[in-house]
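Enquirer: Below is one structure. I have some questions about it.
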Amino acid sequence: MPRRSYDQYCAAARALDAVGDRWTLLIVRELLAGPRRYTDLHADLPGVSTDVLASRLKDMEREELATRRRLPPPGAATVYELTARGRELLPVLTALADWGTPALTERRPTDALRAHWFAVPLVRHLDGLGAGVVEVHLDEGVFHVRTDGGEPLYGDGPADRPDARLTLDADTCIAISGGGLSLTDAVRDGRVRLDMLQPVRPPLGTGPE
């Protein structure tokens with residue numbers, strides 16, 4: 001069945017032709033963590049049906065936002081991953097998260113939650129740490145993010161060798177992600193525990209000649 005189109009010669013309309021369907025941008029959010037199996041995507045997208053997820057992944061392959069490949073043994077699993085064009089959607093997701101953060105008031109009884117869903121809005125607020133990989137501990141779970149522009153942007157669970165570790169609650173994480181609270185102030189006020197685990201990297205351009 002052909003993909004629906006707005007049939008408008010407009011950049012915004014063309015973009016929405018590619019990513020405007022429900023679930024597509026949330027699949028991008030999940031794939032920013034690197035290659036994912038279909039079963040992992042389905043587990044971390046509660047509410048999506050198997051048919052819809054399969055359809056969206058096919059659409060994303062057609063739009064060259066994602067590719068599918070087979071891992072070599074012993075993995076021997078099929079995974080989906082973003083293309084370079086798909087990864088260019090990160091600023092779009094960041095802007096949407098900024099716009100949507102004020103709506104994260106009281107959590108509704110029907111709201112699902114995965115700790116790593118905080119990664120996209122949080123990561124750019126951690127640049128000042130001088131740490132490449134930051135492990136984030138919430139009551140809801142653990143994830144890690146890269147602040148140095150490396151890939152993948154984040155991962156679920158602990159990092160192999162984090163440069164820093166943050167321990168905080170979800171409300172504080174939301175406040176930092178939304179820009180209403182700086183990490184420095186949160187640490188000073190005792191709302192965040194910060195453990196530096198590796199030597200801090202100097203800012204670019206300030207190292208020895």
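Lettering and numbering for the structure tokens are positional, with chains as A, B, ... in the shown order, residues counted from 1 in each chain, and ligands counted from 1 in the shown order.
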Can you pull out every residue within 12 Å of Ser55 in chain A, counting only C-alpha atoms, but drop anything in the same chain fewer than 2 positions away, and send it as a list in words?

Expert: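 Here the qualifying residues turn out to be Met1, Pro2, Arg3, Asp21, Arg22, Trp23, Thr24, Ile27, Tyr38, Val48, Ser49, Thr50, Asp51, Val52, Leu53, Leu57, Lys58, Asp59, Met60, Glu61 and Arg62 of chain A.
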
Enquirer: Can you tell me, as a short mmCIF file (atom, residue, chain, number, x, y, z; two decimals) with C-alpha atoms, in the first residue's frame, what residues are no more than 10 Å from Glu63 in chain A when counting only C-alpha atoms, ignoring any on the same chain fewer than 5 positions away?

Expert:
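As written to disk, around.cif reads:
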data_model
loop_
_atom_site.label_atom_id
_atom_site.label_comp_id
_atom_site.auth_asym_id
_atom_site.auth_seq_id
_atom_site.Cartn_x
_atom_site.Cartn_y
_atom_site.Cartn_z
CA ASP A 17 5.51 12.55 4.87
CA ALA A 18 8.57 10.69 6.18
CA VAL A 19 8.20 10.89 9.97
CA LEU A 57 10.04 -0.07 10.21
CA LYS A 58 9.36 -0.89 6.55
CA ARG A 85 19.81 10.63 7.59
CA GLY A 86 17.92 9.00 10.44
#

Enquirer: Can you list, as a PyMOL selection string, every residue of range 49-193 of chain A that DSSP puts in strand (DSSP E)?

Expert: chain A and resi 66-70+78-82+133-138+141-146+154-156+164-167+193

Enquirer: Those residues with C-alpha atoms, as a PDB file, in the first residue's frame please?

Expert:
ATOM      1  CA  ALA A  66      16.788   2.973   9.007  1.00  0.00           C
ATOM      2  CA  THR A  67      18.425  -0.183   7.709  1.00  0.00           C
ATOM      3  CA  ARG A  68      18.190  -3.824   8.660  1.00  0.00           C
ATOM      4  CA  ARG A  69      21.134  -6.209   8.930  1.00  0.00           C
ATOM      5  CA  ARG A  70      22.011  -9.623  10.291  1.00  0.00           C
ATOM      6  CA  THR A  78      18.444  -9.265  12.744  1.00  0.00           C
ATOM      7  CA  VAL A  79      18.757  -5.703  14.010  1.00  0.00           C
ATOM      8  CA  TYR A  80      17.520  -2.302  12.876  1.00  0.00           C
ATOM      9  CA  GLU A  81      19.700   0.785  13.007  1.00  0.00           C
ATOM     10  CA  LEU A  82      19.499   4.394  11.915  1.00  0.00           C
ATOM     11  CA  VAL A 133      30.175   8.795  29.051  1.00  0.00           C
ATOM     12  CA  VAL A 134      27.850   9.607  31.941  1.00  0.00           C
ATOM     13  CA  GLU A 135      25.956   6.884  33.778  1.00  0.00           C
ATOM     14  CA  VAL A 136      22.595   8.037  35.142  1.00  0.00           C
ATOM     15  CA  HIS A 137      20.903   6.286  38.075  1.00  0.00           C
ATOM     16  CA  LEU A 138      17.189   6.866  38.672  1.00  0.00           C
ATOM     17  CA  GLY A 141      16.396   2.350  36.198  1.00  0.00           C
ATOM     18  CA  VAL A 142      19.884   3.043  34.875  1.00  0.00           C
ATOM     19  CA  PHE A 143      21.030   4.350  31.493  1.00  0.00           C
ATOM     20  CA  HIS A 144      24.119   6.036  30.111  1.00  0.00           C
ATOM     21  CA  VAL A 145      24.668   8.861  27.643  1.00  0.00           C
ATOM     22  CA  ARG A 146      27.522  10.200  25.523  1.00  0.00           C
ATOM     23  CA  TYR A 154      22.791   6.537  24.809  1.00  0.00           C
ATOM     24  CA  GLY A 155      22.364   3.018  26.066  1.00  0.00           C
ATOM     25  CA  ASP A 156      20.076   1.235  28.479  1.00  0.00           C
ATOM     26  CA  ALA A 164      30.976  10.061  35.640  1.00  0.00           C
ATOM     27  CA  ARG A 165      27.921   8.823  37.500  1.00  0.00           C
ATOM     28  CA  LEU A 166      24.812  10.820  38.404  1.00  0.00           C
ATOM     29  CA  THR A 167      22.284   9.661  40.993  1.00  0.00           C
ATOM     30  CA  ARG A 193      24.988  13.001  43.613  1.00  0.00           C
TER      31      ARG A 193
END

Enquirer: Identify all residues of range 13-97 of chain A in alpha helix (DSSP H) (DSSP on the backbone) and supply them as a ChimeraX atom specification.

Expert: /A:13-19,24-31,38-43,50-62,84-87,90-97

Enquirer: Could you pull the residues within 10 Å of Thr147 in chain A, counting only C-alpha atoms, minus those fewer than 6 positions along the same chain, as a list of chain:residue names?

Expert: A:Leu122, A:Val123, A:Arg124, A:His125, A:Leu126, A:Asp127, A:Gly128, A:Leu129, A:Gly130, A:Ala131, A:Gly132, A:Val133, A:Val134, A:Leu153, A:Tyr154

Enquirer: Have a look at CA of Val192 in chain A and CA of Asp169 in chain A and let me know their distance in Å, one decimal.

Expert: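 The value is 8.0 Å.
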
Enquirer: Considering only C-alpha atoms, can you say which of A:Glu30, A:Ser177, A:Asp171, A:Thr184 comes closest to Ala95 in chain A?

Expert: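 Once distances to Ala95 in chain A are computed over only C-alpha atoms, the minimum belongs to A:Ser177.
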
Enquirer: Using only C-alpha atoms, pick whichever of A:Leu93, A:Gly149, A:Val28, A:Asp40 has the shortest atom-to-atom distance to Leu65 in chain A.

Expert: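 Nearest candidate to Leu65 in chain A out of A:Leu93, A:Gly149, A:Val28, A:Asp40: A:Val28.
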
Enquirer: So, with only C-alpha atoms as the atoms that count, which of A:Ala33, A:Ala15, A:Leu197, A:Ala175 lies closest to Thr105 in chain A?

Expert: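 Among the listed residues, the smallest separation from Thr105 in chain A belongs to A:Ala175.
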
Enquirer: Which residues are close to Pro102 in chain A, i.e. within 10 Å by only C-alpha atoms, leaving aside same-chain residues fewer than 4 positions away? Reply as a PyMOL selection string.

Expert: chain A and resi 97-98+174-175+178

Enquirer: If you keep N, CA and C atoms, can you produce a file of those selected residues as a short mmCIF file (atom, residue, chain, number, x, y, z; two decimals), in the first residue's frame?

Expert:
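Output below, filename selection16.cif:
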data_model
loop_
_atom_site.label_atom_id
_atom_site.label_comp_id
_atom_site.auth_asym_id
_atom_site.auth_seq_id
_atom_site.Cartn_x
_atom_site.Cartn_y
_atom_site.Cartn_z
N ALA A 97 11.24 17.33 22.69
CA ALA A 97 11.35 17.07 24.13
C ALA A 97 11.34 18.37 24.91
N ASP A 98 12.05 19.39 24.41
CA ASP A 98 12.04 20.70 25.08
C ASP A 98 10.62 21.25 25.15
N ILE A 174 13.90 15.74 35.19
CA ILE A 174 13.01 16.54 34.33
C ILE A 174 13.35 18.02 34.45
N ALA A 175 13.62 18.49 35.67
CA ALA A 175 13.94 19.90 35.87
C ALA A 175 15.23 20.29 35.15
N GLY A 178 14.64 20.21 31.31
CA GLY A 178 13.84 21.33 30.83
C GLY A 178 14.54 22.67 30.93
#

Enquirer: Using only C-alpha atoms, find the one residue out of A:Asp111, A:Asp7, A:Asp195, A:Asp160 that sits nearest to Leu45 in chain A.

Expert: A:Asp111

Enquirer: When you draw a straight line from CA of Gly190 in chain A to CA of Pro109 in chain A, how long is it in Å?

Expert: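 According to the coordinates, CA of Gly190 in chain A and CA of Pro109 in chain A are separated by 28.7 Å.
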
Enquirer: Determine the nearest neighbour of Gly47 in chain A from the options A:Ser182, A:Pro162, A:Leu26, A:Tyr6, counting only C-alpha atoms.

Expert: A:Leu26

Enquirer: Using only C-alpha atoms, can you tell me which of A:Glu88, A:Asp44, A:Glu64, A:Asp139 comes closest to Ala112 in chain A?

Expert: A:Asp44
